[in-house]
Every structure is written in structure tokens, then in C-alpha cells.
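Colleague: Starting off with a structure, shown below.
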Amino acid sequence: MAVKNMPRERIEKYVPRPIEDKWANEWARTGLHETPNELPGKPNFYFLTMYPYPSGQVHVGHWYATAPADCAARFLRMRGNNVLFPMGFDAFGLPAENAAIRNKMHPAEWTESNMAHMRSQFRAMGAMIDWRREVVTCYPEYYRWNQWLFLKLLENGLAYRANAPVNWCPKDRTVLANEQVIGGRCERCETPVEKRALEQWFFRITKYADELLSFEGIDWPERVRVMQTNWIGRSEGAEMAFPVEGHEGAEIRFFTTRPDTVFGATFVVLAPEHPLVAKITAPDRREVVEAYVERAARESEIERSAEGADKTGVATGAYARNVFTDELVPIWIADYVLASYGTGAIMAVPGHDERDFAFAQKYGLDIREVISPDGTEHASLAEPYMGEGVMVRSGELTGRRSEDGKRAVAEEAKRSAIGGPSVTYRLRDWLISRQRYWGTPIPIVYCDRCGTVPVPYEHLPVVLPRDAEFTVEGGNPLAKVDAFVRTTCPNCAGPARRETDTMDTFVDSSWYMYRYLDPKIATAFMDKEIGRKWLPVSQYTGGIEHAILHLLYMRFVCKALRDLGELWFDEPALRLQNQGMIVFDSRKMSKSRGNVVGPDEYVARYGADTLRMFTMFMGPWTQGADWDSAGIDGVSRFLHGVWRLALSARVPGERDEALERDIHRAVQKVTTDIEHYHFNTAVAALMVLRSRLAESAGPTRDEGIRTLLLLLAPFAPFIAEELWARRGGTYSVHTQPWPTYDPDIAKAEEVVLVVQVDGKVRDRLTVAAGVSEDAARSAALASEKVQERLRGREVVKVIVVPGRLVSIVTRPAAG
RNA sequence: GCCGACCUAGUCCAACUGGCAGAGACAACCCGCUUAAGACGGGUCAAGUGAGGGUUCGAAUCCCUCGGUCGGCACCA
């Protein structure tokens, strides 16, 4: 190759670090990342990415989340939008408290120093963060609005206190939301969770269950929608009640999705925690029942499910009347019935439910067929039949389709005032109380005279006291701070005690996107004037691990605030894009596993630009990746190559139309790839363009280099800025308009047309790109090689795919 | 157990609405540069798409069965 033999030009070596430091300073000095609330002629675009927990270092997981998001945000800015890309810290939470116990350092100090370090790391990354808008949730300026939110919800019946069996983590010594219990274990420390009955505060998210099932008007990934839908778990059916025999007024209420099977309800099962258990248990069964209830309370969910399909239970000795068959059926208790779902009781239909079948078999209870697939009665059932069919042994309803029977039974229940059609959800109300120090104090005071009294709005914030003792024995340090606990009642001025529970940190993150707009405003949770310019969020990105928890709470709070007249939209974020998780050796990275990969050494060795591009190059962003730094050299070589290319001397030559086409193609490819978050293929397109330009000459080469730098800017902002400046471009490359492309130029002039005969490629013809179907067909049929194959055969069919191929189908010629 | 995603060169990954399996990168190998190694630059090599079946002129792509990996849910009545 000609280029190869030319004397190598002496070009200064690319040394990333000094350049990156220089531009980071320059950007800060010139306020390049400060987004105004309005920019004439440019529409606002709110690009939100999930804020991190200030664990102490920005690890590669954060890079994986942030660098591609930043790339997309920068792209949108170059495309003419006024883009807001804020960042903050989810600064409350357990690790700070645990660190306090370990290191004798106050959680506030620990958090503060972590945030300082992480801010500088984000700066090194080059992300276009507008730090003037930073939100830090552990500052009173922030959390006073958590308290305000709590009071608002309380005022409107959306927050309440209840004694409920809750998930208790014995290690963290706090209550957990259902969402924080993974497989019966604490999400954080993996300790088996216990059940405890405690007075706790809840947010009434279930009120919005149905609305949360609708994703209308928002463009969210199917995967997240499915996960949230399953989590909410809407079930349609009927609620009904059977009276308890010999206990006037007592009845067992239950929910069923199969009211059509009620004629097969041969017993009733209560959860061990069901309030009626003590009342109805027969005297001779009392001892056994109490022992069972006690054992069930003691056992963790892990222990319970460890018993697997082997169901346990005891009879109460009491009976209920199945009002449809008019039979007396025994009432049992068993822990396979959950107190927290439906009414905590079921009608058991062993013939048509797997669990009830197993239970009935074990305890010798009646199994009756009431739904038959074909309408014929069977004497016995070898296994339960769960499908639809024809009702049998069902009184007046015998012979009906089970689908109709559902409605008929529910209506009958309504007519006889024992129940009616009903909907139940798997979703439970959101338990927000945490027995920990490092969180938002719940603004409630308990007064002996006035009871539970909300702290008046004008007394907010209830400030978390600084002095607290953090001990290994745990318990809530806040409860031991006398000066905090002891207070006066806002109502009667008498002595009172403060609530010492703090809020779940998911409360903080359920509305932080509103606070970014003006984190300083002291008169409201958000500056609504500014809010109208930005909200709802145009694009939200974040880890798929938040598909349920955070994203559901955030939607709920948005709807609640809307109903309180504080917001004017139904959904907080119009579009959502989830990146996959970054793992190490196929395992989640976590501090406890000690497999967290720190990015700093890579930044030191290769520069931030290389690491940024590498996080985007590893594979499809949505898919996640196994961290393997093996490929990072490829990206590094690419940037070195761009450096040499951009600083090389001009090469004299003619205009190059083929190169021009390649440039337009690259612009097209990179543009559409970023739009679809296909960063990996966009990087590949940049690599192609670089190598094409490296072997080119003339004015088109110069234009191409300019275009390459513009395309590179969102990916590798530092080197792009440096090279742009060195080539005489005006500051900053990041405020230049994004290059445009002409699809006509990008299109190839000539294409290779593949000609198949009976599925085998027989010839390739070079034809003009826009060639008509007819022309393609005749060209193919005219080909000599094709003619050879057609000898003695008859053409049955010719398929033409414009610009791609001609497929000729033949059969032996007749005769 | 149920639901979903994924499985393509040694490795990570591309491939539009079904149309010649390859864009890019790593590794390996070769060449250049170098006293040498490394670094750097240039090049070469490589799979018939997890297995089996089906639909189609044509399947990595659509359908069915099975296997593997990873998620979500998991006694939810």
C-alpha cells in the first residue's frame, strides 16, 4: 500500500490525562455544563439518570450507567435541545450507619467525604452534569420535603399507621418493605427475614393499583411493564362468606378467582394469624391449634418454604356452612394460606386447586369434582383439574360452562348478600417506617392526651439530631437521643414523644427529579414555574434492578401529588431506557463480595475517554455485560488513531465521492444508533470512518476529520475538544450542531445483486442502486451462468428483492 | 413450578420488514519499527448461527420440541 511506504510523520503522542484535566477545568470555568431553564429557539429536554448511593467510589457500574447516558444527553444537546442532565446523591441509608459503627465516624461525615470523592470522579468522567442543581437527600433542605410529602399524604388519607405483621431483618434490626425481601431474605444482608407485629407507617399505594397497571402515554420497556404488572398482580374473582356454625354472626370471608368451583369447597382454611382463629377453635382443639399458631409465627418464610410442597395444618374443630351446597365443612388453619393476601382465608376446592388437593390428600379431606372438561362426571380425581369446563354436581348450575358459572355464582353471592364480584391485588401498601437513624425523621408526635399528632408544616423540618450513639448491638440510635425524643405536643403543649422511626430511602428517590429543577427553593418542594418548562422527564435511564421498587414508587408519588394538585401530569417520565447490569465473573458486583472493579486505575492508564467508550463498546447497553478489560486496548488504539489522523498533515488530492458517501453513512449510522441506544455499533461505525479517513486524501478527508470529531464528541468529549481546538475550531465542540447526512448520498450507487437459482447462488451482478424490479429480473435471466442452469428447465417463479437479490425457482421442463 | 430474555469465529459482539452469515474489537499468527522486549503501526486467520424438526423460492431471524445461561415471580387462593 502506498501509505505504508511513506516516511512516518512525527506527531506528538496522545497523552490523555493532562488534556482531560485541562478541559475539565475549562468546562467548569466557562460553565459549559450549566443548563439555563430556557434557551431561545431550543426545546427543553430533561435527561434524567438514576442518582447513586454515595458508597465512596464511582465504580465501573456507575460508569456503565452514566457514560452512555451522558453520551446520549450530549448528542441531544448537539441536535439542538436545551438538555438538563443533573446528578445528586441518594445520601440516606444503612451503609452509612454501619460504617459509623465500624469506623467510629459519623454517618454525615462518612457520606460527605464519599460525595466529595465521587463528585471529583464524575468530573473526571467528563459527564455534562449541572452541579448547581445537585440534590443531596440527607440535607434538611431536601428531607423537609419528604416530611411535607408525608404530612400531605396523611392529610389526604394516603398515609396511615397500622399494626401489621411486617418483615423484620434481625441483623439490620429494621423493618423491610415487601419489595426489599428477596426470596425470604433481607435484600441487603441476606439474613432470613422474620415476621413481627409492629405499629408502622404505610403509604396507600394500593389505592393506585389499577392506574399503575396502565402505561398509557409512556414509552417504557416491555420488560419493566411486565414486571410491574406481575408485581401488582391483579386478580378478578369474587369475595364470599360462609357463616361459622354455632357462632352467631361469625363468618369466614374469603376471596376466590374461581367462584364457579364453590360447590366443590369441601373445607375452609384460615391463615394461622387470622383473627377468628382464637374465637372459633373448639375447646378440645385449643392446645393443638395454639401450638401450631405459635410455631408458624416463629418460623421464617425460608423455613416455611423449605418444607416445600408438604403442607401442614390443623383442624380447629369448628365448621362453616357452604351456603351453596348447604353442607357443613370443616375449618382448618394452615400456613399455606397467607394472612396478608385477600382476606387471609380461602374456600378450599381440592378438586380444582393443586394446593388444596395436596392438603386434602394429606389429611383425608373430601375431594369432589365439580368442573369436568367434557361434562361427564368422574368418580374420583387422580389429580386436580384446573382448566375450564362444564360444571357438574353443582346444583342448579350443573351443565353450565365454568366461564359463565363464575359470573353466575358471584351474582348469586351478591343477591344473597354474602359477597359479590371482587378484585384483589398482590400489591401491598408501602411500608415506610425504618427503625434506623440515618434517614428522614417521620414528622409525628405522640401525646398522652392528644394521641398521634402530625408536626405542623411550619415546624418543618424535624431535624435529625447529630449526636447519637452507634453501637454494634444496634437498635435505633435515634430512640436513645433524649433531646430529640422528648418534645411538647403541638396541640396542647403538654409533654410528648417524637416518632423515632425514619423513612425508607425510597421515599427520597420517589420525587428527587422535581427537586433538581431548583434544589434551593425553600417555599415548596419544587419551583412549579421552572417545573412547567421541564416536566415530565423526557428520558429516564437506569439499572434494570430498579424495575419494580423505585420505578413503581416514583409513579405512585407522581399520581398522588397530581391528585393533591401539586403536579399536572400523570406519569413522571415519558420514556424509560434500562441498561443491563454489569457483572464480574458472572456475579453481581458488590462490596460484600469484594469484586468491585474500580475505574480509577483505568482512567489513570488509558484516560477517561477510553474508559467511556469502552463501557459503550462492550455490547448492547440494555443487555449488560460481564466486565472484562481485555478489549479496552482496542478502544485506546482507536483514540490514538484519531489523534494521529486529526493532527496529520494535509494530503493533497481530489474530491473523493466514495469517501463522501462513507462519511454520510457514518453520520447516519451513528445518529440512528445513539437514538436507539446502540452505542456499541455506533462506536464500531466511528472506527470504520477513522480507518477510511486514514487512507484517504484531499479536501474530502479534511471534511471527514471534522465530521469525525463532531461525531466523536459525545463519546469521548475530552479528546474531541482538544483536537477540535487544535484544528482551529471555535469553542466548544460540544455546542456545535450535530452533523447532518443526506440519505441519497449515503445510499450506494451500485449494488451487487445476487442471483439464485433454486436457492443456490449462481451469479452476482453489479447494477445501479435504483434499478427497477423488471430490469433486475431481466438482467438476472440474461446472465450466462443463469442461462446455463435454466437449460432443460422451466421457470416457475422469479422473486425480486430490490437492491438485494433475484431468486429464480424452476422445475424440469414438461415433455 | 410459572413468566421472560438470551445462545453466531478461541472470546466480546454485528447482521433492516426473513434475502450473499461479518460491521467493529480482543486473542492468536505474520510483517514493519526496535539493540531487544514491550508499546506502537500494518496485515492474516477464523463460525454456517445450542440440538432436532417445521413453514418458505429462501431462516441466525418466524413456529414447535428439547438442552443450556441469566433475570423476574414463587403456596397470591
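We name chains A, B, ... following the order of the C-alpha cells; residues begin at 1 in each chain, and ligands are numbered from 1 as shown.
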Find the residues around C57 (chain B) up to 9 Å (only C-alpha atoms (C1' of nucleotides) counted), leave out those fewer than 4 positions away in its own chain, and share them as an MDAnalysis selection string.

Modeller: chainID A and resid 757:759 797:799 807:809

Colleague: Mind listing as a list in words which residues of chain B are within 8 Å of chain A, counting only C-alpha atoms (C1' of nucleotides)?

Modeller: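 That gives the following set of residues: G4, C12, C13, A14, G19, C20, A23, G24, A25, C26, G42, C57, G58, G72, C73, C75, C76 and A77 of chain B.
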
Colleague: Which residues, written as an mmCIF file with C-alpha atoms, in the first residue's frame, have at least one atom at most 8 Å from Arg612 (chain A), with only C-alpha atoms (C1' of nucleotides) counted and residues fewer than 3 positions away on the same chain left out?

Modeller:
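Final file, part.cif:
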data_model
loop_
_atom_site.group_PDB
_atom_site.id
_atom_site.type_symbol
_atom_site.label_atom_id
_atom_site.label_comp_id
_atom_site.auth_asym_id
_atom_site.auth_seq_id
_atom_site.Cartn_x
_atom_site.Cartn_y
_atom_site.Cartn_z
ATOM 1 C CA TRP A 63 -19.582 4.367 34.617
ATOM 2 C CA ALA A 67 -21.158 7.398 30.486
ATOM 3 C CA PRO A 68 -23.590 6.131 27.816
ATOM 4 C CA MET A 125 -15.542 11.176 33.654
ATOM 5 C CA ALA A 608 -11.465 8.798 30.790
ATOM 6 C CA ASP A 609 -12.353 8.966 27.112
ATOM 7 C CA THR A 615 -18.282 0.977 28.531
ATOM 8 C CA MET A 616 -20.285 1.699 25.412
ATOM 9 C CA PHE A 715 -18.465 9.601 23.218
ATOM 10 C CA ALA A 716 -15.037 10.995 24.002
#

Colleague: Calculated over only C-alpha atoms, which of the candidates A:Asp563, A:Thr487, A:Val463, A:Gly531 has the smallest distance to Gly157 (chain A)?

Modeller: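 Checking each of A:Asp563, A:Thr487, A:Val463, A:Gly531 against Gly157 (chain A), counting only C-alpha atoms, the winner is A:Asp563.
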
Colleague: Which residue, B:G1, B:G10, B:A47, B:G38, has the smallest gap to G22 (chain B) when you use only C-alpha atoms (C1' of nucleotides)?

Modeller: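 Nearest candidate to G22 (chain B) out of B:G1, B:G10, B:A47, B:G38: B:A47.
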
Colleague: Residues within 8 Å of Val392 (chain A), please, as a ChimeraX atom specification. Count only C-alpha atoms (C1' of nucleotides); anything in the same chain fewer than 4 positions from it doesn't count.

Modeller: /A:369-372,375-377,397-399

Colleague: Could you please take those selected residues and save N, CA and C atoms as a PDB file, in the first residue's frame?

Modeller:
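Contents of part.pdb, as written:
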ATOM      1  N   GLU A 369     -65.252 -33.578  42.401  1.00  0.00           N
ATOM      2  CA  GLU A 369     -65.184 -32.989  41.073  1.00  0.00           C
ATOM      3  C   GLU A 369     -66.415 -32.135  40.819  1.00  0.00           C
ATOM      4  N   VAL A 370     -66.184 -30.850  40.497  1.00  0.00           N
ATOM      5  CA  VAL A 370     -67.335 -30.009  40.149  1.00  0.00           C
ATOM      6  C   VAL A 370     -67.171 -29.336  38.790  1.00  0.00           C
ATOM      7  N   ILE A 371     -65.970 -29.448  38.218  1.00  0.00           N
ATOM      8  CA  ILE A 371     -65.761 -28.974  36.847  1.00  0.00           C
ATOM      9  C   ILE A 371     -65.207 -30.155  36.060  1.00  0.00           C
ATOM     10  N   SER A 372     -65.867 -30.480  34.966  1.00  0.00           N
ATOM     11  CA  SER A 372     -65.395 -31.594  34.156  1.00  0.00           C
ATOM     12  C   SER A 372     -65.051 -31.067  32.773  1.00  0.00           C
ATOM     13  N   GLY A 375     -67.850 -32.563  30.684  1.00  0.00           N
ATOM     14  CA  GLY A 375     -69.199 -32.597  31.211  1.00  0.00           C
ATOM     15  C   GLY A 375     -69.603 -33.933  31.812  1.00  0.00           C
ATOM     16  N   THR A 376     -68.758 -34.973  31.670  1.00  0.00           N
ATOM     17  CA  THR A 376     -69.115 -36.252  32.287  1.00  0.00           C
ATOM     18  C   THR A 376     -68.523 -36.315  33.693  1.00  0.00           C
ATOM     19  N   GLU A 377     -69.283 -36.895  34.585  1.00  0.00           N
ATOM     20  CA  GLU A 377     -68.824 -36.977  35.967  1.00  0.00           C
ATOM     21  C   GLU A 377     -67.841 -38.117  36.135  1.00  0.00           C
ATOM     22  N   LEU A 397     -76.707 -25.039  38.800  1.00  0.00           N
ATOM     23  CA  LEU A 397     -75.769 -24.585  37.776  1.00  0.00           C
ATOM     24  C   LEU A 397     -75.136 -25.741  37.005  1.00  0.00           C
ATOM     25  N   THR A 398     -75.449 -26.955  37.379  1.00  0.00           N
ATOM     26  CA  THR A 398     -74.907 -28.119  36.683  1.00  0.00           C
ATOM     27  C   THR A 398     -75.212 -28.020  35.187  1.00  0.00           C
ATOM     28  N   GLY A 399     -74.148 -28.295  34.384  1.00  0.00           N
ATOM     29  CA  GLY A 399     -74.349 -28.246  32.942  1.00  0.00           C
ATOM     30  C   GLY A 399     -73.901 -26.943  32.321  1.00  0.00           C
TER      31      GLY A 399
END

Colleague: Just asking: which residues within region 155-335 of chain A are alpha helix (DSSP H) according to DSSP, as number ranges by chain?

Modeller: A: 155, 209-212, 222-232, 277-280, 286-298, 301-306

Colleague: Report as an mmCIF file with C-alpha atoms, in the first residue's frame all protein, DNA and RNA residues lying within 9 Å of Trp724 (chain A), evaluated on only C-alpha atoms (C1' of nucleotides), omitting residues in the same chain fewer than 6 positions from it.

Modeller:
data_model
loop_
_atom_site.group_PDB
_atom_site.id
_atom_site.type_symbol
_atom_site.label_atom_id
_atom_site.label_comp_id
_atom_site.auth_asym_id
_atom_site.auth_seq_id
_atom_site.Cartn_x
_atom_site.Cartn_y
_atom_site.Cartn_z
ATOM 1 C CA ALA A 646 -6.590 14.699 13.183
ATOM 2 C CA ARG A 706 -14.088 17.487 11.057
ATOM 3 C CA LEU A 709 -14.578 14.878 15.660
ATOM 4 C CA LEU A 710 -18.170 16.072 15.898
ATOM 5 C CA THR A 730 -14.350 27.505 17.889
ATOM 6 C CA TYR A 731 -15.040 26.581 21.493
ATOM 7 C CA SER A 732 -16.719 24.337 22.220
ATOM 8 C CA VAL A 733 -17.029 21.286 20.040
#

Colleague: List as a PyMOL selection string the protein and nucleic acid residues near A21 (chain B), meaning an atom at most 12 Å away when only C-alpha atoms (C1' of nucleotides) are counted, but skip any in the same chain fewer than 6 places from it.

Modeller: chain B and resi 8-9+14-15+47-49+59-61
